[in-house]
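Student: Attaching a single structure in structure tokens format; questions to follow.
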Amino acid sequence: MSDKNYLDRDLLRFTTAGSVDDGKSTLIGRLLYDSKSIFEDQLTSVENTSKSKGLEHIDFSLLTDGLKDEREQGITIDVAYRYFSTPKRKFIIADTPGHIQYTRNMITGASTANLALILVDARHGVIEQTKRHSFIASLLQIKHIVVCVNKMDLVDYTQDAYDKIVDEYEDFSSKLDVEDIRFIPISALKGDNVVDRGENMVWYQGSTLLHTLENIHISSDRNMIDCRFPVQTVIRPHKEEFHDFRGYAGRIESGIFKVGDEVAVLPSGFTSKVKEIYCDEEEFQEAFPPMSVTLTLEDDIDISRGDMIVRPHNQAKQSQDIDFMMCWMGNEPFNPSKKYTVLHTTNKVRCIVKEVRYKVDINTLHRMEEDKAIRMNDIARVRIRTTKPLYIDPYTKNRLTGSIILVDEGSNNTVAAGMII
Amino acid sequence: MKHSLTHLKELEAESIFVIRETFAQFNKPAILFSGGKDSIVLTHLAKKAFWPAKIPFPLVHVDTGHNFPETIDFRDKLVKELGVNLVVGSVQKSIDEGKVAEERGLNATRNRLQIATLLETIESNQYDACMGGARRDEEKARAKERFFSHRDEFGQWDPKNQRPELWNLFNGLKHYGENFRIFPISNWTEMDIWQYILLENIELPNLYFSHMRKCFVRNGTILSANNYQELKESEEVREMQIRFRTMGDITITGAVESDADTLEKIIGEVAAARNTERGGRADDQRSETAMEDRKKEGYF
């Protein structure tokens, strides 16, 4: 890999989920191996461990299962992050376990992903786990799903087997809210259609998996319309040369801010204009997501952490009543009579629970209005009231101003993730 | 104008966001500065995050007493340029005070002893968030580390009870006496670091570049000749043309034979490398789970 062109490379984050047998580890291992992202000492270590376990093949899951308990039990219990790159793109894989008891890990991995890679065993077709992963990808508003029909070598590489699974999947996915779903027949073990096409499936005219990952268009997936800038901190240098400098540090969550743009500040409602946009000493004429910048304004306004800079005619909604889809992640069950801390953008407030409306069966997508007891990995629609207003957007319009987490006030643990409706 | 970032600029933006969250959410944050390229890049990002203000927290260096002299010179120069405070925790002092005992034998190092000194430095200065330059691609136990990594009052890491981390909502809430380790460059790889150093023209200690040095070879690892390790009978010191891929104690940091004396050549070498950069680290080779075990006790 010659790296002269590294400045043109962008970043794609994708999530995978799967159980022990569906070939996920093999697929990741192959992507890492074929893109030369596995080093010899890692490979030797995995080969040695595979041999000492009496295996005939290299067990690539040993590369991804990092913790002692995981290797001893042969299961993945947490989100593991893996990296590889090609001359076109850098990839971050959030590799999560697929079993229902790890829904919370899948949601964690999906929360930052551009794309979800879903594996289907060609022999078994669409199973509950496939539906669960797809539903989570849709709930978390991942824009692209790539369905890999794996183990094609075990169904003699026949197009019939593949077509049947595609039909089956499309039948179910019509209920999902995902814009872009693609299908690729592969054999992770033999390598067909992963990096190279191979000769076993000439009937397949589409791209290989790696080619798809390298070329899928993601830059327009971000919200470039609604300007949202949550202030992280205020920068006052106290230096002679920057005596009056007052900058607002934060990340552009959505929209494009330009020098001279009229802006409004929430919650005060005061308006001003963008004077300068900086990152370090470099000055910009405009800033777009996900840039971390420092803004200065024409007027001296009292702004602090938790405030949000928006456009006067396109503001986030200020509300103390938050209606959202919740994934419960705590060890203890959800207790609607407790108060929880809510983190949203750069704000921290407290809340009380007003209503649990229904629970969702994540295998069938059915609403359960009777059973409202919420335990770890359950997904439910909940309404809370916060001590102070938050500046929110629906999650479907804005992943970053539309998401919250709930924190238990006793343990300080993150116990729930929420997608605002 | 094209409204998308390159992978390096996206990583930079993510790291700056995390550094600013650390500053905003904690009372007394600090940067753990090892003198290696990762902590140099981290410090560079912290400078960017708060410009034109100075970096609003100190650099903390755990000094094992077994340093490369070049590391210390570089550290002192950088601290002066940035106008930040330097806080040094001394392993020698922990040994002198009888808090830890020096390891014995030919392969003795002070790597593990650092943990006690680090924890003591954090406690006596009441740092509640220590930022480090660890990356998830370095080692398998680190692949599951969070950006905001919670430590109990003994500084221990519990890998099975980590807080889920979603979107860009980082939960730094804690009880009195607990603290966090923060890893703003979690998502960078070794290659990203080198490309960014080239892109941003970041100065590095000359140890990273090819030079002639008196070395000896132990268990297949090229080590710099030093005053702290005795040679075995079979070992001999000879002049070699080498450079270092990571920076740790002089007693454990393996060199590679190399003529790469510019960043461009180093990037070419990293791209072609067939071993991980930590492959040369004697501290990781002790057992399959050496890193995980040290991290649980409070290592970086």
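How things are named: the first chain in the structure tokens is A, the next is B, and so on; residues count from 1 in each chain; ligands count from 1 in the order shown.
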Counting only C-alpha atoms, collect the residues of chain B whose closest atom lies at most 8 Å from chain A, and write them out as a ChimeraX atom specification.
Tutor: /B:3-8,10,13-14,16-17,20-21,24,47-54,136-137,140-144,159-160,163-169,171,173-175,187,189,195,267-268,271-276,279,289,292
Student: Stretch 103-275 of chain B: which residues are strand (DSSP E) by DSSP, as an MDAnalysis selection string?
Tutor: chainID B and resid 129:131 148:151 179:182 211:218 221:224 238:244 255:257
Student: Expressed in Å to a single decimal, how great is the separation between atom CA of A:Asp156 and atom CA of A:Asp121?
Tutor: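 Taking atom CA of A:Asp156 and atom CA of A:Asp121, their separation equals 13.2 Å.
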Student: Excluding B:Lys37 and any residue of its chain fewer than 6 positions from it, enumerate the residues within 12 Å of it, using only C-alpha atoms, and give them as a ChimeraX atom specification.
Tutor: /B:43-44,71,74-75,132-135,185,190-198,202-209,244-248
Student: Can you work out the spacing between atom CA of A:Gly23 and atom CA of A:Ile165 in Å, to one decimal?
Tutor: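 Those two atoms sit 17.0 Å apart.
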Student: Just give me the gap between atom CA of B:Asp38 and atom CA of B:Val84 in Å, one decimal is fine.
Tutor: 18.1 Å
Student: I need the residue nearest B:Val41 from this list: B:Ser15, B:Thr121, B:Asn67, B:Gln25. Use only C-alpha atoms for the distance.
Tutor: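 Once distances to B:Val41 are computed over only C-alpha atoms, the minimum belongs to B:Ser15.
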